[in-house]
Amino acid sequence: MATIRVNGQQREVSSSPDTPLLYVLMNELELKGPRFGCGLAQCGSCSVLIDGVETRSCVTPLRAVGAKSITTLEGLPVDNAVAKAMLDEQALQCGYCFNGMIIKGTELLTKNKKPSVAQIKTAMNGHICRCGNYPRIVRAIQRAAGVIA
């Protein structure tokens with residue numbers, strides 16, 4: 001048994017220390033935010049925040065988490081500015097990338113309240129949108145930055 005902190009709560013899990021965090025979150029804790037995409041940390045759909053840093057949970061073993069705090073999509077505030085802006089800009093169509101885009105956008109705006117378009121594009125590099133809505137995603141993050149500022 002291991003104890004991890006997820007979305008502000010201590011949770012007991014029975015997975016092996018080598019189990020990818022994504023599987024623990026999805027299968028043991030039944031969280032729906034982080035998703036299996038590529039399994040190679042290349043698409044971003046499995047992203048979570050670990051101590052505020054975006055991390056690809058599909059390649060992060062449970063043992064690497066230790067006492068760090070994990071935040072999934074479900075653990076973000078209900079009024080998350082990035083999520084609302086993504087919906088307002090109609091940036092997300094199929095939902096494949098939703099989790100990763102929200103997680104990474106939230107991390108970016110936590111560190112940089114007024115990112116430039118170039119900074120947004122750099123931050124979002126490695127997050128794949130199958131629908132190709134990158135311009136809307138950038139606009140959504142700009143919109144969210146305006147709300148936060």
# chains A, B, ... in the order shown; residues from 1 in each chain; ligands from 1

call {"tool": "closest_atom_pairs", "arguments": {"of": "segment 79-111 of chain A", "to": "segment 54-61 of chain A", "cutoff": "12 Å", "atoms": "only C-alpha atoms", "output": "CSV"}}
result
residue,atom,partner,partner_atom,distance
A:Asn99,CA,A:Glu54,CA,11.2
A:Gly100,CA,A:Glu54,CA,8.7
A:Met101,CA,A:Glu54,CA,10.4
A:Ile102,CA,A:Glu54,CA,10.4
A:Ile103,CA,A:Glu54,CA,6.8
A:Lys104,CA,A:Glu54,CA,6.1
A:Gly105,CA,A:Glu54,CA,9.5
A:Thr106,CA,A:Glu54,CA,9.1
A:Glu107,CA,A:Glu54,CA,6.6
A:Leu108,CA,A:Glu54,CA,9.1
A:Thr110,CA,A:Glu54,CA,11.3
A:Lys111,CA,A:Glu54,CA,11.6

call {"tool": "residues_around", "arguments": {"residues": "Val6 of chain A", "least_positions_apart": "5", "cutoff": "8 Å", "atoms": "only C-alpha atoms", "output": "PyMOL selection string"}}
result
chain A and resi 11+69-72+75

call {"tool": "write_last_selection", "arguments": {"atoms": "N, CA and C atoms", "output": "PDB file, in the first residue's frame"}}
result
ATOM      1  N   ARG A  11      -4.833   9.549  -0.367  1.00  0.00           N
ATOM      2  CA  ARG A  11      -5.505   8.368  -0.911  1.00  0.00           C
ATOM      3  C   ARG A  11      -4.584   7.161  -0.785  1.00  0.00           C
ATOM      4  N   SER A  69       2.241  16.617  -4.183  1.00  0.00           N
ATOM      5  CA  SER A  69       0.815  16.831  -4.378  1.00  0.00           C
ATOM      6  C   SER A  69       0.457  16.716  -5.865  1.00  0.00           C
ATOM      7  N   ILE A  70      -0.507  15.866  -6.172  1.00  0.00           N
ATOM      8  CA  ILE A  70      -0.970  15.641  -7.542  1.00  0.00           C
ATOM      9  C   ILE A  70      -2.295  16.374  -7.724  1.00  0.00           C
ATOM     10  N   THR A  71      -2.401  17.126  -8.812  1.00  0.00           N
ATOM     11  CA  THR A  71      -3.662  17.777  -9.154  1.00  0.00           C
ATOM     12  C   THR A  71      -4.059  17.311 -10.544  1.00  0.00           C
ATOM     13  N   THR A  72      -5.261  16.774 -10.646  1.00  0.00           N
ATOM     14  CA  THR A  72      -5.807  16.362 -11.934  1.00  0.00           C
ATOM     15  C   THR A  72      -6.842  17.398 -12.370  1.00  0.00           C
ATOM     16  N   GLY A  75      -9.343  18.212  -9.888  1.00  0.00           N
ATOM     17  CA  GLY A  75      -8.905  18.963  -8.720  1.00  0.00           C
ATOM     18  C   GLY A  75      -8.749  20.451  -8.955  1.00  0.00           C
TER      19      GLY A  75
END

call {"tool": "atom_distance", "arguments": {"atom1": "atom CA of Phe98 of chain A", "atom2": "atom CA of Glu12 of chain A"}}
result
27.2 Å

call {"tool": "residues_around", "arguments": {"residues": "Val147 of chain A", "least_positions_apart": "5", "cutoff": "12 Å", "atoms": "only C-alpha atoms", "output": "list in words"}}
result
Asp79, Asn80, Ala81, Val82, Ala83, Lys84, Ala85, Leu109, Lys113, Lys114, Ala140, Ile141 and Gln142 of chain A

call {"tool": "write_last_selection", "arguments": {"atoms": "N, CA and C atoms", "output": "short mmCIF file (atom, residue, chain, number, x, y, z; two decimals), in the first residue's frame"}}
result
data_model
loop_
_atom_site.label_atom_id
_atom_site.label_comp_id
_atom_site.auth_asym_id
_atom_site.auth_seq_id
_atom_site.Cartn_x
_atom_site.Cartn_y
_atom_site.Cartn_z
N ASP A 79 -14.32 27.06 -11.33
CA ASP A 79 -14.32 28.28 -12.14
C ASP A 79 -12.97 28.51 -12.82
N ASN A 80 -12.24 27.46 -13.12
CA ASN A 80 -10.93 27.56 -13.77
C ASN A 80 -11.04 28.41 -15.04
N ALA A 81 -10.27 29.48 -15.08
CA ALA A 81 -10.33 30.43 -16.20
C ALA A 81 -9.94 29.80 -17.53
N VAL A 82 -8.97 28.89 -17.51
CA VAL A 82 -8.53 28.26 -18.76
C VAL A 82 -9.63 27.37 -19.32
N ALA A 83 -10.24 26.57 -18.48
CA ALA A 83 -11.32 25.68 -18.94
C ALA A 83 -12.48 26.50 -19.50
N LYS A 84 -12.86 27.55 -18.80
CA LYS A 84 -13.96 28.39 -19.27
C LYS A 84 -13.62 29.04 -20.60
N ALA A 85 -12.40 29.55 -20.72
CA ALA A 85 -11.98 30.20 -21.97
C ALA A 85 -11.93 29.20 -23.12
N LEU A 109 -0.25 29.91 -16.82
CA LEU A 109 -0.79 31.16 -16.26
C LEU A 109 -0.49 31.31 -14.77
N LYS A 113 1.43 35.49 -15.79
CA LYS A 113 0.05 36.01 -15.86
C LYS A 113 -0.29 36.64 -17.21
N LYS A 114 0.72 37.10 -17.95
CA LYS A 114 0.48 37.74 -19.24
C LYS A 114 1.44 37.20 -20.31
N ALA A 140 -7.78 31.10 -26.47
CA ALA A 140 -8.40 30.77 -25.19
C ALA A 140 -7.45 31.06 -24.03
N ILE A 141 -6.20 30.73 -24.20
CA ILE A 141 -5.24 31.01 -23.14
C ILE A 141 -5.04 32.52 -22.99
N GLN A 142 -5.04 33.24 -24.10
CA GLN A 142 -4.97 34.70 -24.01
C GLN A 142 -6.18 35.25 -23.28
#

call {"tool": "closest_residue", "arguments": {"among": "A:Gln42, A:Ser47, A:Ser16, A:Asn133", "to": "Cys94 of chain A", "atoms": "only C-alpha atoms"}}
result
A:Asn133

call {"tool": "residues_around", "arguments": {"residues": "Thr122 of chain A", "least_positions_apart": "4", "cutoff": "12 Å", "atoms": "only C-alpha atoms", "output": "list in words"}}
result
Lys104, Gly105, Leu108, Pro115, Ser116, Val117, Ala118, Gly126, His127 and Val138 of chain A

call {"tool": "residues_around", "arguments": {"residues": "Phe36 of chain A", "least_positions_apart": "4", "cutoff": "8 Å", "atoms": "only C-alpha atoms", "output": "list in words"}}
result
Leu22, Ser45, Cys46 and Cys58 of chain A

call {"tool": "closest_residue", "arguments": {"among": "A:Val24, A:Ala67, A:Ala41, A:Leu92", "to": "Arg5 of chain A", "atoms": "only C-alpha atoms"}}
result
A:Ala67
